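Structure file protein.cif (mmCIF, C-alpha atoms) is printed below.
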data_start
loop_
_atom_site.label_atom_id
_atom_site.label_comp_id
_atom_site.auth_asym_id
_atom_site.auth_seq_id
_atom_site.Cartn_x
_atom_site.Cartn_y
_atom_site.Cartn_z
CA MET T 641 13.91 18.37 2.57
CA ASP T 642 15.19 15.54 0.41
CA ARG T 643 12.93 13.69 -1.97
CA ILE T 644 12.98 10.36 -3.77
CA VAL T 645 10.44 9.68 -6.52
CA LEU T 646 10.57 6.41 -8.44
CA SER T 647 8.15 4.73 -10.80
CA THR T 648 7.84 1.53 -12.74
CA VAL T 649 5.32 -0.33 -14.83
CA VAL T 650 3.47 -3.31 -13.38
CA TYR T 651 1.56 -5.63 -15.68
CA ARG T 652 -1.65 -5.48 -13.67
CA SER T 653 -4.56 -3.07 -13.29
CA PRO T 654 -4.59 -0.46 -10.49
CA GLU T 655 -7.32 -2.50 -8.75
CA GLU T 656 -5.00 -5.53 -8.69
CA VAL T 657 -1.92 -3.53 -7.63
CA PHE T 658 -3.39 -1.44 -4.81
CA PRO T 659 -4.01 -4.25 -2.26
CA TYR T 660 -0.26 -4.95 -2.25
CA LEU T 661 0.52 -1.32 -1.44
CA GLU T 662 -1.91 -1.09 1.46
CA SER T 663 -0.83 -4.42 2.97
CA PHE T 664 2.00 -3.19 5.20
CA SER T 665 2.39 -6.71 6.61
CA ARG T 666 3.93 -7.69 3.23
CA TYR T 667 6.57 -4.96 3.39
CA PRO T 668 9.27 -7.10 5.13
CA ARG T 669 9.31 -9.17 1.89
CA TYR T 670 10.45 -6.10 0.01
CA SER T 671 13.23 -4.75 2.24
CA GLU T 672 16.09 -6.70 3.76
CA HIS T 673 16.27 -4.08 6.53
CA LEU T 674 12.62 -4.29 7.62
CA GLU T 675 12.28 -7.05 10.20
CA SER T 676 8.64 -6.76 11.20
CA VAL T 677 5.48 -4.65 11.03
CA ASP T 678 2.93 -4.25 13.83
CA GLN T 679 -0.44 -2.73 12.97
CA ARG T 680 -2.83 -0.69 15.13
CA GLY T 681 -6.07 -0.03 13.29
CA ASP T 682 -8.17 -1.45 10.48
CA GLY T 683 -5.75 -0.60 7.64
CA GLY T 684 -7.56 2.57 6.60
CA ALA T 685 -6.54 6.19 7.11
CA GLY T 686 -5.44 6.70 10.71
CA THR T 687 -3.98 3.20 11.02
CA GLU T 688 -0.61 3.23 12.73
CA TYR T 689 2.28 0.90 11.99
CA ASP T 690 5.46 0.16 13.89
CA LEU T 691 8.14 -0.78 11.37
CA ARG T 692 11.13 -2.52 13.00
CA LEU T 693 14.25 -1.73 10.96
CA SER T 694 17.81 -2.96 11.33
CA TRP T 695 21.03 -2.08 9.57
CA ARG T 696 24.34 -3.51 10.67
CA LYS T 697 24.30 -3.22 14.47
CA PHE T 698 21.68 -0.48 14.56
CA GLY T 699 17.99 -1.04 15.23
CA TYR T 700 15.12 1.39 15.08
CA THR T 701 11.33 1.25 15.14
CA ALA T 702 9.66 3.78 12.87
CA HIS T 703 6.20 4.79 14.02
CA SER T 704 4.12 5.61 10.96
CA GLU T 705 0.54 6.48 10.14
CA VAL T 706 -1.51 6.15 6.99
CA THR T 707 -2.84 9.66 6.42
CA GLU T 708 -4.99 9.13 3.34
CA ILE T 709 -6.24 6.34 1.10
CA ALA T 710 -7.98 6.95 -2.22
CA GLU T 711 -8.31 3.42 -3.56
CA PRO T 712 -6.97 2.39 -6.06
CA GLU T 713 -4.98 5.57 -6.75
CA THR T 714 -3.08 6.75 -3.65
CA LEU T 715 -1.93 5.79 -0.20
CA SER T 716 -0.22 8.55 1.83
CA TRP T 717 1.77 8.09 5.03
CA ARG T 718 3.92 9.98 7.50
CA LEU T 719 6.34 9.16 10.27
CA MET T 720 4.88 10.18 13.60
CA GLU T 721 8.08 10.92 15.51
CA ASP T 722 11.89 11.04 15.45
CA VAL T 723 12.27 12.03 11.74
CA ASP T 724 10.34 14.49 9.60
CA ALA T 725 9.23 12.20 6.75
CA ARG T 726 6.18 11.53 4.64
CA GLY T 727 5.36 9.96 1.33
CA GLU T 728 2.93 8.14 -0.85
CA TRP T 729 2.29 5.34 -3.30
CA ARG T 730 0.41 6.31 -6.46
CA VAL T 731 -1.03 4.02 -9.11
CA GLU T 732 -2.07 5.22 -12.55
CA PRO T 733 -3.58 3.15 -15.37
CA ALA T 734 -1.04 2.70 -18.20
CA PRO T 735 -2.56 0.12 -20.57
CA GLU T 736 -0.40 1.46 -23.43
CA ALA T 737 2.70 0.26 -21.51
CA ALA T 738 1.59 -3.38 -21.48
CA PRO T 739 3.88 -5.50 -23.66
CA GLU T 740 2.58 -8.11 -26.04
CA GLY T 741 1.08 -10.97 -24.07
CA GLU T 742 -0.04 -8.80 -21.14
CA GLU T 743 -3.62 -7.55 -20.88
CA THR T 744 -2.95 -4.26 -19.11
CA ALA T 745 -0.46 -2.29 -17.06
CA SER T 746 -0.23 0.40 -14.40
CA ARG T 747 2.50 2.85 -13.48
CA VAL T 748 3.34 2.70 -9.77
CA TYR T 749 5.04 5.68 -8.14
CA PHE T 750 6.85 5.67 -4.80
CA GLU T 751 7.60 9.05 -3.24
CA ALA T 752 9.39 9.82 0.02
CA ILE T 753 10.06 13.33 1.34
CA TYR T 754 12.30 13.55 4.38
CA ASP T 755 14.68 15.74 6.32
CA PRO T 756 17.66 13.55 7.28
CA HIS T 757 18.87 16.21 9.71
CA SER T 758 15.61 16.17 11.65
CA ALA T 759 16.45 12.76 13.15
CA ASP T 760 16.18 12.64 16.93
CA GLY T 761 19.52 11.36 18.21
CA ASP T 762 17.88 10.13 21.42
CA ALA T 763 15.61 7.77 19.45
CA ILE T 764 18.53 5.58 18.37
CA SER T 765 20.89 3.96 20.81
CA LEU T 766 24.32 4.61 19.32
CA PRO T 767 27.60 3.11 20.48
CA THR T 768 30.22 5.37 22.01
CA PHE T 769 32.11 7.43 19.41
CA ILE T 770 29.34 7.00 16.79
CA SER T 771 27.48 10.23 16.09
CA LEU T 772 24.06 10.62 14.54
CA ASP T 773 25.62 12.72 11.77
CA TRP T 774 27.98 9.85 10.92
CA LEU T 775 25.07 7.38 10.84
CA VAL T 776 23.00 9.68 8.57
CA SER T 777 26.02 10.10 6.26
CA LYS T 778 26.23 6.31 5.88
CA ILE T 779 22.51 5.62 5.45
CA GLN T 780 21.48 8.49 3.19
CA PRO T 781 23.48 7.39 0.09
CA ARG T 782 21.91 3.93 0.39
CA LEU T 783 18.30 5.14 0.45
CA LEU T 784 17.86 5.40 -3.32
CA GLY T 785 19.25 1.89 -3.85
CA GLU T 786 16.99 0.53 -1.13
CA ALA T 787 13.96 2.24 -2.64
CA LYS T 788 14.78 0.71 -6.04
CA GLU T 789 15.06 -2.77 -4.54
CA VAL T 790 11.78 -2.37 -2.63
CA VAL T 791 9.95 -1.44 -5.84
CA ALA T 792 11.54 -4.34 -7.79
CA ARG T 793 10.52 -6.86 -5.10
CA LEU T 794 7.03 -5.36 -4.96
CA VAL T 795 6.62 -5.89 -8.72
CA ALA T 796 7.75 -9.51 -8.37
CA ASP T 797 5.20 -10.06 -5.60
CA ILE T 798 2.37 -8.50 -7.61
CA GLU T 799 3.18 -10.33 -10.85
CA GLY T 800 4.16 -13.64 -9.23
CA GLU T 801 7.72 -13.77 -10.60
CA ARG T 802 10.84 -11.66 -10.68
CA ARG T 803 11.75 -9.90 -13.92
CA GLU T 804 14.02 -7.09 -14.99
CA VAL T 805 12.19 -3.97 -13.83
CA ASP T 806 12.75 -0.64 -15.54
CA LEU T 807 12.77 1.95 -12.76
CA ALA T 808 12.46 5.61 -13.62
CA VAL T 809 14.11 7.88 -11.05
CA HIS T 810 12.17 11.14 -11.25
CA GLU T 811 13.89 12.79 -8.30
CA SER T 812 16.61 11.84 -5.82
CA PRO T 813 18.77 13.56 -3.19
CA GLN T 814 21.85 15.36 -4.46
#

Could you express the structure from this file as C-alpha cells?
Amino acid sequence: MDRIVLSTVVYRSPEEVFPYLESFSRYPRYSEHLESVDQRGDGGAGTEYDLRLSWRKFGYTAHSEVTEIAEPETLSWRLMEDVDARGEWRVEPAPEAAPEGEETASRVYFEAIYDPHSADGDAISLPTFISLDWLVSKIQPRLLGEAKEVVARLVADIEGERREVDLAVHESPQ
C-alpha cells in the first residue's frame, strides 16, 4: 500500500475549517481533474459520492463513501470499487501557529492510503495499445503534486484568498 500524508496550517478554527472538508460538492474547485461530484445521502457517514475524474483522454468515476465523521476533527472515506483506497481529513487546533494579525489557526491533515496495483482494468476504457500498468506509471508520480495543489486551493477557499501555503509532506510513495 502506498500512502500520502500532507498537512498545512489554516488561519481558522477547526469549527470553521471542517464544513469545507465535508462539502464534497466544493471539491471540483480544488482539483483540475475532478469534473463533478454527485451525492447520495445526507452528507453524514454512509453518504456515497460519485467523483467524475478526467486526465488527458481518460475518464473515470470513483465511487466513494464517507465511513466516519467526528466533527470537527475527522472525516474518513473509502473507495467502494475498482481501487483499494481509503483516507481521511483531520483537523487539529494549532493556535500557536497563528501569525501576528490572525486570531487562531488549525493544522489540516490529508491522508490517502492506496494500492495502485489493485486497479480494475475493466473499470477504465483504455485505447488499444495502452495498458493499465502504463496508465498507473504515468498517474502515480503526479499524485503527490495533485494532493499538494488540492490542499493549497482548499486553504484559499477557507481563508478567502490565495497565499503561499507551507505544506509538510509527512509521507509519500517511494

**Prompt:** How many Å separate atom CA of T:Ala734 from atom CA of T:Arg747?
**Reply:**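 The value is 5.9 Å.
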
**Request:** Using all atoms listed in the file, find the one residue out of T:Ala808, T:Leu719, T:Ile798, T:Val706 that sits nearest to T:Val657.
**Result:** T:Ile798

**Asked** Which distance in Å separates atom CA of T:Glu688 and atom CA of T:Tyr749, to one decimal?
**Response** 21.8 Å

**Message:** Applying the PyMOL selection byres ((chain T and resi 695) around 10) to the file I just gave you, which residues come out? Please list them as a list in words.
**Reply:** Glu672, His673, Leu674, Leu693, Ser694, Arg696, Lys697, Phe698, Gly699, Tyr700 and Ile779 of chain T

**Message:** I need the output of the PyMOL selection byres ((chain T and resi 658) around 8) for this file as a ChimeraX atom specification; which residues are they?
**Reply:** /T:654-657,659-662,711-713,731

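Put simply, the PyMOL selection byres ((chain T and resi 729) around 6) in this file takes in Thr714, Leu715, Glu728, Arg730, Tyr749 and Phe750 of chain T.
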
**All residues 12 Å or closer to T:Ser704, only C-alpha atoms, same chain fewer than 4 positions away omitted, as a PyMOL selection string** = chain T and resi 664+677-681+685-692+716-727

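From atom CA of T:Val809 back to atom CA of T:Val649, the distance works out to 12.6 Å.
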
**Message:** Around the point (13.1, -5.3, -15.4) (coordinates from the file), which residues reach within 10 Å if we count all atoms listed in the file? Answer as a list in words.
**Reply:**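 Within 10 Å of (13.1, -5.3, -15.4), the protein and nucleic acid residues are Thr648, Val649, Ala792, Val795, Ala796, Arg802, Arg803, Glu804, Val805, Asp806 and Leu807 of chain T.
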
**Request:** Using all atoms listed in the file, find the one residue out of T:Ile709, T:Ala752, T:Ala738, T:Ala745 that sits nearest to T:Asp642.
**Result:**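 Among the listed residues, the smallest separation from T:Asp642 belongs to T:Ala752.
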
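Residues in contact with T:Ser812 at 7 Å, where all atoms listed in the file are counted and same-chain residues fewer than 4 positions away are skipped, are listed as Arg643, Ile644 and Val645 of chain T.
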
Could those selected residues go to a file with C-alpha atoms, as a tab-separated table (two decimals), in the frame of the given file?
chain	number	residue	atom	x	y	z
T	643	ARG	CA	12.93	13.69	-1.97
T	644	ILE	CA	12.98	10.36	-3.77
T	645	VAL	CA	10.44	9.68	-6.52
